[in-house]
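*Asks:* Have a look at this one.
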Amino acid sequence: MSAAQDLDALYQEIILDHYKNPHGKGLREPAAAQRSADVHHVNPTCGDEITLRVHVEGEPGSERVADVSYDAVGCSISQASASVLHELLVGKTIDEAMNVHGEFLALMQGKGTVEPDEEVLEDGIAFAGVAKFPARVKCALLSWMAWKDATVQARG
């Protein structure tokens, strides 16, 4: 097996692990001091759906992602991507989270030519191979686009 095949196998394993053991799944109510927003996004090309809730806390300018929870139906890629999003963004400031969002978006839109930054994306690097398949990019981005919309709403 070549090094590239080994890497692809590892990435597939990471995606399957997040699919089978999702982080953040199940909509949760916000704590008293948190602001939240819910959005529902659908990928019409494949039928994947997500209802995502973002909880934001803190003063404007220093707000943090307190929690991300979701209910979703769809393929392993869309489900795993939501799990990775939860793992990467909860606890970060909104600015830090938006930076991670931008890195993931660039990776997914790079058609397999973008070298992912493992320090920023952690398990998100597993989606580098998905970027080579345009039909699957929307699956991977579904939760990320929902997160951005919900975060803008939660911030008011």
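Chain identifiers are assigned as A, B, and so on, following the order in which chains appear in the structure tokens; residues are numbered from 1 within each chain, and ligands are numbered from 1 in order of appearance.
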May I have a table of the residues of segment 121-140 of chain A lying at most 10 Å from segment 73-91 of chain A, giving each one's closest pair of atoms and their distance in Å to one decimal, counting only C-alpha atoms, ordered by chain and ascending residue number, as JSON lines?
*Replies:*
{"residue": "A:Leu121", "atom": "CA", "partner": "A:Leu88", "partner_atom": "CA", "distance": 7.2}
{"residue": "A:Glu122", "atom": "CA", "partner": "A:Leu88", "partner_atom": "CA", "distance": 7.6}
{"residue": "A:Asp123", "atom": "CA", "partner": "A:Val84", "partner_atom": "CA", "distance": 6.5}
{"residue": "A:Gly124", "atom": "CA", "partner": "A:Val84", "partner_atom": "CA", "distance": 6.2}
{"residue": "A:Ile125", "atom": "CA", "partner": "A:Val84", "partner_atom": "CA", "distance": 9.9}
{"residue": "A:Ala126", "atom": "CA", "partner": "A:Ser81", "partner_atom": "CA", "distance": 9.5}
{"residue": "A:Phe127", "atom": "CA", "partner": "A:Ser81", "partner_atom": "CA", "distance": 8.1}
{"residue": "A:Val130", "atom": "CA", "partner": "A:Ile77", "partner_atom": "CA", "distance": 8.3}
{"residue": "A:Arg136", "atom": "CA", "partner": "A:Ile77", "partner_atom": "CA", "distance": 7.7}
{"residue": "A:Val137", "atom": "CA", "partner": "A:Ile77", "partner_atom": "CA", "distance": 9.0}
{"residue": "A:Lys138", "atom": "CA", "partner": "A:Ser78", "partner_atom": "CA", "distance": 8.3}
{"residue": "A:Cys139", "atom": "CA", "partner": "A:Ser78", "partner_atom": "CA", "distance": 4.7}
{"residue": "A:Ala140", "atom": "CA", "partner": "A:Ser78", "partner_atom": "CA", "distance": 4.9}
*Asks:* Would you mind listing what lies within 10 Å of Glu103 of chain A as a PyMOL selection string, with only C-alpha atoms counted and same-chain residues fewer than 6 positions away left out?
*Replies:* chain A and resi 97+109+114+116-117+120-121+124
*Asks:* Do you know which residues are at most 7 Å from segment 33-40 of chain A counting only C-alpha atoms, after dropping those on the same chain fewer than 5 positions away, and could you put them as a ChimeraX atom specification?
*Replies:* /A:50-57,146,150,153-154
*Asks:* Give me, as a list of chain:residue names, the residues of chain A that a backbone DSSP run labels strand (DSSP E or B).
*Replies:*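 Written out, the strand (DSSP E or B) residues of chain A are A:Lys25, A:Arg35, A:Ser36, A:Ala37, A:Asp38, A:Val39, A:His40, A:His41, A:Val42, A:Glu49, A:Ile50, A:Thr51, A:Leu52, A:Arg53, A:Val54, A:His55, A:Val56, A:Glu57, A:Arg64, A:Val65, A:Ala66, A:Asp67, A:Val68, A:Ser69, A:Tyr70, A:Asp71, A:Ala72, A:Val73, A:Thr93.
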*Asks:* Contacts of Lys148 of chain A at 9 Å or less, counting only C-alpha atoms, minus same-chain residues fewer than 5 places along, as a VMD selection string?
*Replies:* chain A and resid 98 101 143 153
*Asks:* Using only C-alpha atoms, which of the listed residues (A:Gly156, A:His41, A:Gly129, A:Cys46) sits closest to Gly112 of chain A?
*Replies:*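 Closest residue, counting only C-alpha atoms: A:Gly129.
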*Asks:* According to DSSP computed on the backbone, where in segment 14-126 of chain A is there helix (DSSP H, G or I)? Give the residues as a VMD selection string.
*Replies:* chain A and resid 14 to 20 76 to 89 94 to 109 118 to 126
*Asks:* Return the single residue from A:Arg155, A:Val68, A:Thr45, A:Pro22 that is closest to Pro134 of chain A, with distances computed using only C-alpha atoms.
*Replies:*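 Using only C-alpha atoms, the shortest distance to Pro134 of chain A belongs to A:Thr45.
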*Asks:* Closest to Gly102 of chain A among A:Leu141, A:Ser62, A:His18, A:Lys25, using only C-alpha atoms?
*Replies:*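 That would be A:Leu141, the residue with the smallest distance to Gly102 of chain A.
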*Asks:* Please indicate the distance in Å from atom CA of Asp149 of chain A to atom CA of Val65 of chain A, rounded to one decimal place.
*Replies:* 13.4 Å
